[in-house]
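Asks: For reference, the file data_33.pdb (PDB, C-alpha atoms) is included below:
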MODEL        1
ATOM      1  CA  MET A  21       0.000   0.000   0.000
ATOM      2  CA  ILE A  22       2.857   2.366   0.796
ATOM      3  CA  ARG A  23       4.418   1.585  -2.570
ATOM      4  CA  VAL A  24       1.137   2.429  -4.298
ATOM      5  CA  GLU A  25       0.823   5.776  -2.502
ATOM      6  CA  LEU A  26       4.425   6.696  -3.305
ATOM      7  CA  ALA A  27       3.883   5.796  -6.952
ATOM      8  CA  LYS A  28       0.786   8.018  -7.022
ATOM      9  CA  LEU A  29       2.736  10.840  -5.380
ATOM     10  CA  PHE A  30       5.535  10.861  -7.936
ATOM     11  CA  ARG A  31       3.286  10.124 -10.892
ATOM     12  CA  ARG A  32       1.217  13.258 -10.398
ATOM     13  CA  PRO A  33       2.517  16.428 -12.079
ATOM     14  CA  ARG A  34       1.379  18.547  -9.142
ATOM     15  CA  THR A  35       4.167  17.080  -6.975
ATOM     16  CA  TYR A  36       6.804  18.527  -9.295
ATOM     17  CA  VAL A  37       4.879  21.747  -9.878
ATOM     18  CA  ILE A  38       4.702  22.383  -6.124
ATOM     19  CA  ALA A  39       8.397  21.550  -5.665
ATOM     20  CA  GLY A  40       9.264  23.838  -8.579
ATOM     21  CA  LEU A  41       7.282  26.715  -7.121
ATOM     22  CA  LEU A  42       8.976  26.227  -3.752
ATOM     23  CA  CYS A  43      12.383  26.428  -5.446
ATOM     24  CA  ALA A  44      11.362  29.430  -7.542
ATOM     25  CA  LEU A  45      10.972  31.819  -4.593
ATOM     26  CA  PRO A  46      14.540  31.455  -3.220
ATOM     27  CA  PHE A  47      15.918  31.596  -6.775
ATOM     28  CA  THR A  48      14.044  34.836  -7.493
ATOM     29  CA  VAL A  49      15.207  36.418  -4.245
ATOM     30  CA  ALA A  50      18.794  35.339  -4.974
ATOM     31  CA  VAL A  51      18.709  36.941  -8.418
ATOM     32  CA  PHE A  52      17.554  40.263  -6.965
ATOM     33  CA  LEU A  53      20.178  40.137  -4.198
ATOM     34  CA  ALA A  54      22.964  39.243  -6.619
ATOM     35  CA  THR A  55      21.919  41.952  -9.055
ATOM     36  CA  THR A  56      21.542  44.812  -6.590
ATOM     37  CA  ARG A  57      23.933  43.649  -3.820
ATOM     38  CA  ILE A  58      21.598  45.441  -1.402
ATOM     39  CA  PRO A  59      21.084  43.453   1.827
ATOM     40  CA  PRO A  60      17.870  43.761   3.867
ATOM     41  CA  PRO A  61      17.976  46.340   6.685
ATOM     42  CA  PRO A  62      18.868  44.947  10.131
ATOM     43  CA  GLY A  63      15.893  43.132  11.639
ATOM     44  CA  GLN A  64      14.064  42.982   8.309
ATOM     45  CA  GLY A  65      13.906  40.405   5.547
ATOM     46  CA  GLY A  66      14.493  36.680   5.820
ATOM     47  CA  ALA A  67      17.101  35.164   8.081
ATOM     48  CA  PHE A  68      20.650  34.832   6.667
ATOM     49  CA  LEU A  69      19.948  37.010   3.607
ATOM     50  CA  SER A  70      22.607  39.541   4.594
ATOM     51  CA  ALA A  71      25.167  36.800   5.260
ATOM     52  CA  VAL A  72      24.784  35.103   1.882
ATOM     53  CA  LEU A  73      26.131  38.163   0.047
ATOM     54  CA  SER A  74      29.588  37.239   1.312
ATOM     55  CA  ASN A  75      29.176  33.451   1.275
ATOM     56  CA  GLY A  76      26.640  31.660  -0.909
ATOM     57  CA  SER A  77      27.159  28.403   0.995
ATOM     58  CA  LEU A  78      24.697  29.658   3.599
ATOM     59  CA  TYR A  79      21.917  30.260   1.083
ATOM     60  CA  PRO A  80      20.144  26.905   1.761
ATOM     61  CA  ALA A  81      19.399  28.147   5.301
ATOM     62  CA  ALA A  82      18.136  31.456   3.916
ATOM     63  CA  ALA A  83      15.987  29.567   1.406
ATOM     64  CA  MET A  84      14.339  27.501   4.138
ATOM     65  CA  ALA A  85      13.585  30.684   6.076
ATOM     66  CA  LEU A  86      11.875  32.037   2.950
ATOM     67  CA  VAL A  87       9.634  29.037   2.209
ATOM     68  CA  MET A  88       8.904  27.948   5.774
ATOM     69  CA  PRO A  89       6.366  30.558   6.966
ATOM     70  CA  ILE A  90       3.895  30.279   4.055
ATOM     71  CA  PHE A  91       4.716  28.271   0.939
ATOM     72  CA  LEU A  92       5.797  24.960   2.472
ATOM     73  CA  PRO A  93       2.908  24.778   5.000
ATOM     74  CA  VAL A  94       0.400  25.610   2.245
ATOM     75  CA  SER A  95       1.819  22.817   0.067
ATOM     76  CA  VAL A  96       1.635  20.287   2.894
ATOM     77  CA  ALA A  97      -1.899  21.360   3.831
ATOM     78  CA  VAL A  98      -3.099  20.964   0.229
ATOM     79  CA  LEU A  99      -1.670  17.459  -0.143
ATOM     80  CA  ALA A 100      -2.723  16.285   3.321
ATOM     81  CA  GLY A 101      -6.215  17.690   2.853
ATOM     82  CA  ASP A 102      -6.491  15.705  -0.370
ATOM     83  CA  ALA A 103      -5.228  12.468   1.195
ATOM     84  CA  VAL A 104      -8.590  11.016   2.240
ATOM     85  CA  ALA A 105     -11.147  13.637   1.204
ATOM     86  CA  GLY A 106      -9.754  13.668  -2.330
ATOM     87  CA  GLU A 107     -10.278   9.911  -2.646
ATOM     88  CA  ALA A 108     -13.829  10.296  -1.355
ATOM     89  CA  GLN A 109     -14.496  13.236  -3.663
ATOM     90  CA  THR A 110     -13.415  11.308  -6.755
ATOM     91  CA  GLY A 111     -15.262   8.165  -5.658
ATOM     92  CA  THR A 112     -12.149   5.986  -5.313
ATOM     93  CA  LEU A 113     -12.109   5.667  -1.512
ATOM     94  CA  ARG A 114     -14.951   3.199  -1.429
ATOM     95  CA  TYR A 115     -13.278   0.965  -4.011
ATOM     96  CA  LEU A 116      -9.977   1.164  -2.158
ATOM     97  CA  LEU A 117     -11.608  -0.160   1.001
ATOM     98  CA  ILE A 118     -13.531  -2.881  -0.837
ATOM     99  CA  ARG A 119     -10.189  -4.504  -1.538
ATOM    100  CA  PRO A 120      -8.433  -6.248   1.375
ATOM    101  CA  VAL A 121      -6.831  -3.017   2.588
ATOM    102  CA  GLY A 122      -7.337  -2.108   6.223
ATOM    103  CA  ARG A 123      -8.229   1.456   7.069
ATOM    104  CA  THR A 124      -5.290   1.765   9.451
ATOM    105  CA  ARG A 125      -2.930   0.535   6.749
ATOM    106  CA  LEU A 126      -4.347   3.027   4.255
ATOM    107  CA  LEU A 127      -4.005   5.918   6.698
ATOM    108  CA  VAL A 128      -0.407   4.950   7.508
ATOM    109  CA  ALA A 129       0.403   4.776   3.789
ATOM    110  CA  LYS A 130      -1.041   8.261   3.290
ATOM    111  CA  LEU A 131       1.072   9.592   6.178
ATOM    112  CA  VAL A 132       4.260   7.984   4.827
ATOM    113  CA  ALA A 133       3.592   9.556   1.418
ATOM    114  CA  LEU A 134       3.233  12.954   3.082
ATOM    115  CA  ILE A 135       6.547  12.494   4.919
ATOM    116  CA  VAL A 136       8.254  11.570   1.658
ATOM    117  CA  PHE A 137       6.763  14.611  -0.054
ATOM    118  CA  VAL A 138       8.043  16.940   2.687
ATOM    119  CA  LEU A 139      11.531  15.405   2.413
ATOM    120  CA  PHE A 140      11.405  15.646  -1.385
ATOM    121  CA  ALA A 141      10.315  19.295  -1.317
ATOM    122  CA  ILE A 142      12.906  20.292   1.288
ATOM    123  CA  GLY A 143      15.628  18.403  -0.574
ATOM    124  CA  ALA A 144      14.730  20.171  -3.811
ATOM    125  CA  VAL A 145      14.888  23.575  -2.099
ATOM    126  CA  LEU A 146      18.214  22.822  -0.386
ATOM    127  CA  ILE A 147      19.923  21.508  -3.512
ATOM    128  CA  THR A 148      18.733  24.253  -5.852
ATOM    129  CA  SER A 149      19.437  27.006  -3.316
ATOM    130  CA  PHE A 150      22.943  25.679  -2.636
ATOM    131  CA  LEU A 151      23.737  25.665  -6.351
ATOM    132  CA  THR A 152      22.154  29.100  -6.714
ATOM    133  CA  GLY A 153      24.093  30.502  -3.763
ATOM    134  CA  ILE A 154      27.430  29.135  -4.946
ATOM    135  CA  THR A 155      26.805  30.394  -8.485
ATOM    136  CA  LEU A 156      25.575  33.900  -7.648
ATOM    137  CA  PHE A 157      27.391  34.729  -4.394
ATOM    138  CA  GLY A 158      30.532  32.574  -4.440
ATOM    139  CA  GLY A 159      31.884  30.314  -1.719
ATOM    140  CA  GLU A 160      33.173  27.396  -3.739
ATOM    141  CA  PRO A 161      33.043  23.928  -2.188
ATOM    142  CA  SER A 162      36.204  23.325  -0.203
ATOM    143  CA  ALA A 163      38.921  20.821  -1.122
ATOM    144  CA  GLY A 164      37.038  19.752  -4.231
ATOM    145  CA  VAL A 165      34.411  17.840  -2.260
ATOM    146  CA  ALA A 166      30.715  18.437  -1.927
ATOM    147  CA  LEU A 167      31.031  20.378   1.305
ATOM    148  CA  PRO A 168      30.480  24.134   1.603
ATOM    149  CA  ALA A 169      33.258  26.450   2.702
ATOM    150  CA  ASP A 170      33.549  27.713   6.283
ATOM    151  CA  VAL A 171      30.750  30.099   7.273
ATOM    152  CA  THR A 172      30.155  32.336  10.258
ATOM    153  CA  SER A 173      27.390  31.437  12.688
ATOM    154  CA  LEU A 174      24.812  33.921  13.958
ATOM    155  CA  SER A 175      26.942  34.153  17.100
ATOM    156  CA  GLY A 176      30.005  35.212  15.114
ATOM    157  CA  VAL A 177      31.785  31.862  15.471
ATOM    158  CA  THR A 178      33.132  30.036  12.419
ATOM    159  CA  ILE A 179      31.237  26.880  11.458
ATOM    160  CA  THR A 180      33.240  24.153   9.724
ATOM    161  CA  PRO A 181      31.892  22.548   6.544
ATOM    162  CA  ALA A 182      31.026  19.343   8.404
ATOM    163  CA  GLY A 183      29.363  21.353  11.165
ATOM    164  CA  LEU A 184      27.278  23.262   8.642
ATOM    165  CA  VAL A 185      26.089  20.027   7.029
ATOM    166  CA  LEU A 186      25.093  18.626  10.448
ATOM    167  CA  ARG A 187      23.183  21.811  11.271
ATOM    168  CA  LEU A 188      21.379  21.667   7.945
ATOM    169  CA  LEU A 189      20.419  18.040   8.579
ATOM    170  CA  ALA A 190      19.121  18.988  12.034
ATOM    171  CA  THR A 191      17.186  21.833  10.403
ATOM    172  CA  VAL A 192      15.605  19.419   7.920
ATOM    173  CA  ALA A 193      14.568  17.079  10.740
ATOM    174  CA  TYR A 194      13.013  19.930  12.714
ATOM    175  CA  ILE A 195      11.138  21.306   9.712
ATOM    176  CA  VAL A 196       9.839  17.829   8.832
ATOM    177  CA  VAL A 197       8.432  17.459  12.344
ATOM    178  CA  SER A 198       6.871  20.927  12.121
ATOM    179  CA  MET A 199       5.285  20.166   8.738
ATOM    180  CA  LEU A 200       3.958  16.861  10.062
ATOM    181  CA  GLY A 201       2.043  18.951  12.584
ATOM    182  CA  VAL A 202       0.451  20.756   9.626
ATOM    183  CA  ALA A 203      -0.203  17.424   7.915
ATOM    184  CA  ALA A 204      -1.888  16.067  11.056
ATOM    185  CA  ILE A 205      -4.337  18.983  11.127
ATOM    186  CA  ALA A 206      -5.203  18.650   7.435
ATOM    187  CA  LEU A 207      -5.333  14.843   7.559
ATOM    188  CA  PHE A 208      -7.782  14.932  10.464
ATOM    189  CA  LEU A 209     -10.013  17.375   8.586
ATOM    190  CA  SER A 210      -9.653  15.175   5.507
ATOM    191  CA  THR A 211     -11.320  12.333   7.417
ATOM    192  CA  VAL A 212     -14.151  14.623   8.512
ATOM    193  CA  THR A 213     -15.177  16.016   5.131
ATOM    194  CA  ASP A 214     -15.424  14.751   1.550
ATOM    195  CA  SER A 215     -14.065  18.056   0.236
ATOM    196  CA  ALA A 216     -10.294  18.154  -0.288
ATOM    197  CA  LEU A 217     -10.453  21.924  -0.677
ATOM    198  CA  GLY A 218     -12.446  22.235   2.543
ATOM    199  CA  ALA A 219      -9.903  20.163   4.474
ATOM    200  CA  ALA A 220      -6.972  22.167   3.108
ATOM    201  CA  MET A 221      -8.687  25.502   3.742
ATOM    202  CA  GLY A 222      -9.616  24.417   7.261
ATOM    203  CA  ALA A 223      -5.997  23.566   8.039
ATOM    204  CA  LEU A 224      -4.813  26.868   6.590
ATOM    205  CA  ALA A 225      -7.422  28.718   8.656
ATOM    206  CA  VAL A 226      -5.994  27.091  11.804
ATOM    207  CA  LEU A 227      -2.456  28.086  10.817
ATOM    208  CA  VAL A 228      -3.376  31.670   9.908
ATOM    209  CA  THR A 229      -5.247  32.044  13.200
ATOM    210  CA  SER A 230      -2.215  30.698  15.037
ATOM    211  CA  GLN A 231       0.105  33.132  13.244
ATOM    212  CA  VAL A 232      -2.148  36.074  14.128
ATOM    213  CA  LEU A 233      -2.369  35.037  17.781
ATOM    214  CA  VAL A 234       1.416  34.609  17.981
ATOM    215  CA  THR A 235       1.796  38.338  17.292
ATOM    216  CA  LEU A 236      -1.032  39.360  19.644
ATOM    217  CA  ASP A 237       0.013  40.425  23.143
ATOM    218  CA  ALA A 238      -3.472  39.657  24.464
ATOM    219  CA  ALA A 239      -2.914  35.994  23.511
ATOM    220  CA  ALA A 240       0.349  35.705  25.447
ATOM    221  CA  ALA A 241      -1.127  33.051  27.764
ATOM    222  CA  ILE A 242      -1.700  30.563  24.915
ATOM    223  CA  ARG A 243       1.134  31.663  22.630
ATOM    224  CA  PRO A 244       3.565  28.912  23.775
ATOM    225  CA  TYR A 245       1.039  26.237  22.776
ATOM    226  CA  LEU A 246       0.213  27.487  19.277
ATOM    227  CA  PRO A 247       1.315  25.234  16.400
ATOM    228  CA  THR A 248       3.238  27.976  14.575
ATOM    229  CA  ARG A 249       4.906  29.543  17.616
ATOM    230  CA  TYR A 250       8.278  27.801  17.224
ATOM    231  CA  TRP A 251       8.354  27.176  13.474
ATOM    232  CA  LEU A 252      11.507  29.254  13.003
ATOM    233  CA  ALA A 253      13.277  27.962  16.117
ATOM    234  CA  TRP A 254      15.569  25.923  13.826
ATOM    235  CA  ILE A 255      17.495  29.159  13.253
ATOM    236  CA  ASP A 256      19.028  28.522  16.692
ATOM    237  CA  PHE A 257      20.909  25.578  15.165
ATOM    238  CA  PHE A 258      23.092  28.221  13.507
ATOM    239  CA  ARG A 259      24.166  29.776  16.785
ATOM    240  CA  ASP A 260      27.193  28.656  18.751
ATOM    241  CA  PRO A 261      26.453  27.144  21.138
ATOM    242  CA  VAL A 262      23.100  25.900  19.844
ATOM    243  CA  LEU A 263      20.172  27.334  21.802
ATOM    244  CA  TRP A 264      18.030  24.270  22.509
ATOM    245  CA  ARG A 265      15.211  25.827  24.545
ATOM    246  CA  ASP A 266      12.880  26.864  21.719
ATOM    247  CA  ILE A 267      13.892  23.905  19.542
ATOM    248  CA  GLU A 268      12.896  21.428  22.240
ATOM    249  CA  ARG A 269       9.645  23.234  22.967
ATOM    250  CA  GLY A 270       8.772  23.451  19.293
ATOM    251  CA  ALA A 271       9.437  19.761  18.688
ATOM    252  CA  GLY A 272       7.452  18.841  21.800
ATOM    253  CA  ILE A 273       4.402  20.871  20.735
ATOM    254  CA  GLN A 274       4.431  19.357  17.239
ATOM    255  CA  LEU A 275       4.649  15.843  18.681
ATOM    256  CA  VAL A 276       1.622  16.561  20.873
ATOM    257  CA  PHE A 277      -0.344  17.779  17.843
ATOM    258  CA  LEU A 278       0.781  14.706  15.921
ATOM    259  CA  VAL A 279      -0.312  12.232  18.580
ATOM    260  CA  VAL A 280      -3.641  13.919  19.316
ATOM    261  CA  LEU A 281      -4.718  14.754  15.759
ATOM    262  CA  LEU A 282      -3.465  11.565  14.123
ATOM    263  CA  GLY A 283      -5.229   9.621  16.862
ATOM    264  CA  ALA A 284      -8.410  11.590  16.195
ATOM    265  CA  ALA A 285      -8.025  11.061  12.434
ATOM    266  CA  TRP A 286      -7.584   7.307  12.947
ATOM    267  CA  ALA A 287     -10.568   7.063  15.314
ATOM    268  CA  ASN A 288     -12.799   9.026  12.951
ATOM    269  CA  PHE A 289     -11.677   7.136   9.848
ATOM    270  CA  MET A 290     -12.151   3.739  11.512
ATOM    271  CA  THR A 291     -15.766   4.523  12.394
ATOM    272  CA  ARG A 292     -16.661   6.577   9.325
ATOM    273  CA  ASP A 293     -19.402   5.364   7.023
ATOM    274  CA  ILE A 294     -17.839   5.428   3.552
ATOM    275  CA  THR A 295     -20.536   6.267   1.016
ATOM    276  CA  SER A 296     -18.388   7.586  -1.832
TER     277      SER A 296
ENDMDL
END
Show the structure stored in the file as structure tokens.

Replies:
Amino acid sequence: MIRVELAKLFRRPRTYVIAGLLCALPFTVAVFLATTRIPPPPGQGGAFLSAVLSNGSLYPAAAMALVMPIFLPVSVAVLAGDAVAGEAQTGTLRYLLIRPVGRTRLLVAKLVALIVFVLFAIGAVLITSFLTGITLFGGEPSAGVALPADVTSLSGVTITPAGLVLRLLATVAYIVVSMLGVAAIALFLSTVTDSALGAAMGALAVLVTSQVLVTLDAAAAIRPYLPTRYWLAWIDFFRDPVLWRDIERGAGIQLVFLVVLLGAAWANFMTRDITS
């Protein structure tokens, strides 16, 4: 079943269209930065954008900061919202379950496909942004190997090539966990409604509400528990020493959302009367 879902994922043009659009934003920003050589003012613009002007090896981190707040969550919400509701909407869900495929197995296969999509999308952004950064801003790979040159951390300490790769891998892991929180919201809604658009829009409404409340002083009491509160905490991986406080809290909150919402999605899907 997992093999079938993965084949469907990579057979659909939308997978590559979404990945291409995610890569297009960092590329466009890089072109403007390389052309004008004007960095964002202090405290404004995406993280790391000022640093990449002197070393393009750091552009993958800047690219993730660009796609993380909006484009990547929207992509995950659209695909997760379509996971079950889309099958019901097109009339294929009923036929899927007529075959000897358990509902739990189907739901797990959908979740695995979402994880693979997130990894695929992030990998595409990291690879294209690294090549873009090296090409437009310099910072050739050191010693002829596929490792970036030394870069300076946000704390002013030099990060070795191996250290930078480890921090990028940790960043990928953190972002995957964060996006799985988005997927859990949309997947739960996908088991509630037969409208893929409704499930995706519902998840996005939750995320937009969370983003608004994060900036609202009156919501300070619930701010630490909002799903988007610690989305950008991975930036602390690029400090020396790494600041673990927000990273640990962010990962913990996403795991809670995962357990609760995936459990709710499973319970609802197991008892749902499939009519389409």

Asks: Could you list the residues chosen by the PyMOL selection byres ((chain A and resi 46) around 9) in this structure as a PyMOL selection string?

Replies: chain A and resi 42-45+47-51+79-80+82-84+86-87+145+148-149+152

Asks: Could you expand the PyMOL selection byres ((chain A and resi 221-224) around 7) into the explicit residues it covers here, written as a PDB file with C-alpha atoms, keeping the file's coordinate frame?

Replies:
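Once written, part-v6.pdb looks like this:
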ATOM      1  CA  VAL A  94       0.400  25.610   2.245  1.00  0.00           C
ATOM      2  CA  ALA A  97      -1.899  21.360   3.831  1.00  0.00           C
ATOM      3  CA  ILE A 205      -4.337  18.983  11.127  1.00  0.00           C
ATOM      4  CA  ALA A 206      -5.203  18.650   7.435  1.00  0.00           C
ATOM      5  CA  LEU A 217     -10.453  21.924  -0.677  1.00  0.00           C
ATOM      6  CA  GLY A 218     -12.446  22.235   2.543  1.00  0.00           C
ATOM      7  CA  ALA A 219      -9.903  20.163   4.474  1.00  0.00           C
ATOM      8  CA  ALA A 220      -6.972  22.167   3.108  1.00  0.00           C
ATOM      9  CA  ALA A 225      -7.422  28.718   8.656  1.00  0.00           C
ATOM     10  CA  VAL A 226      -5.994  27.091  11.804  1.00  0.00           C
ATOM     11  CA  LEU A 227      -2.456  28.086  10.817  1.00  0.00           C
ATOM     12  CA  VAL A 228      -3.376  31.670   9.908  1.00  0.00           C
TER      13      VAL A 228
END

Asks: Find the residue from A:Pro244, A:Pro261, A:Gly270, A:Gly158 that sits nearest to A:Leu78; use all atoms listed in the file when measuring.

Replies: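 Ranked by minimum distance to A:Leu78, first place goes to A:Gly158.
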
Asks: If you measure from atom CA of A:Gly101 to atom CA of A:Ala141, what distance in Å do you get, rounded to one decimal?

Replies: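 Between atom CA of A:Gly101 and atom CA of A:Ala141 the gap is 17.1 Å.
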
Asks: Please compute the atom CA of A:Arg125-atom CA of A:Ile22 distance, one decimal, in Å.

Replies: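 Separation of atom CA of A:Arg125 and atom CA of A:Ile22: 8.5 Å.
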
Asks: Work out how far atom CA of A:Ser95 is from atom CA of A:Arg23, in Å to one decimal.

Replies: 21.6 Å

Asks: Neighbourhood query: residues within 6 Å of (0.5, 26.0, 11.2), file coordinates, counting only C-alpha atoms; return as a list of chain:residue names.

Replies: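 Selection result: A:Val202, A:Leu227, A:Pro247, A:Thr248.
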
Asks: Running the PyMOL selection byres ((chain A and resi 157) around 12) on this model by hand, what would come out? Give it as an MDAnalysis selection string.

Replies: chainID A and resid 50:57 69:79 149:156 158:160

Asks: Please return as a PyMOL selection string every residue within 8 Å of (-12.5, 16.3, -0.5), taking into account all atoms listed in the file and the file's own coordinates.

Replies: chain A and resi 101-102+104-109+210+213-219

Asks: For each of A:Gly272, A:Pro61, A:Pro181, A:Gly143, take the minimum atom-to-atom distance to A:Val197, counting all atoms listed in the file, then give the residue where this is smallest.

Replies: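 Closest residue, counting all atoms listed in the file: A:Gly272.
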
Asks: What's the 10 Å shell around A:Ala129, counting all atoms listed in the file, without same-chain residues fewer than 2 positions away, as a ChimeraX atom specification?

Replies: /A:21-26,103,123-127,131-135

Asks: Keeping only C-alpha atoms, write those residues as a short mmCIF file (atom, residue, chain, number, x, y, z; two decimals), in the frame of the given file.

Replies:
data_model
loop_
_atom_site.label_atom_id
_atom_site.label_comp_id
_atom_site.auth_asym_id
_atom_site.auth_seq_id
_atom_site.Cartn_x
_atom_site.Cartn_y
_atom_site.Cartn_z
CA MET A 21 0.00 0.00 0.00
CA ILE A 22 2.86 2.37 0.80
CA ARG A 23 4.42 1.58 -2.57
CA VAL A 24 1.14 2.43 -4.30
CA GLU A 25 0.82 5.78 -2.50
CA LEU A 26 4.42 6.70 -3.30
CA ALA A 103 -5.23 12.47 1.20
CA ARG A 123 -8.23 1.46 7.07
CA THR A 124 -5.29 1.76 9.45
CA ARG A 125 -2.93 0.54 6.75
CA LEU A 126 -4.35 3.03 4.26
CA LEU A 127 -4.00 5.92 6.70
CA LEU A 131 1.07 9.59 6.18
CA VAL A 132 4.26 7.98 4.83
CA ALA A 133 3.59 9.56 1.42
CA LEU A 134 3.23 12.95 3.08
CA ILE A 135 6.55 12.49 4.92
#

Asks: Taking into account only C-alpha atoms, which residue in the set A:Ala85, A:Ala271, A:Ala39, A:Met290 is nearest to A:Ser198?

Replies: A:Ala271

Asks: Show which residues sit within 10 Å of A:Ile255, as JSON, numbers by chain. Count only C-alpha atoms, and ignore same-chain residues fewer than 5 positions away.

Replies: {"A": [67, 68, 81, 82, 84, 85, 174, 187, 188, 191, 262, 263, 266, 267]}
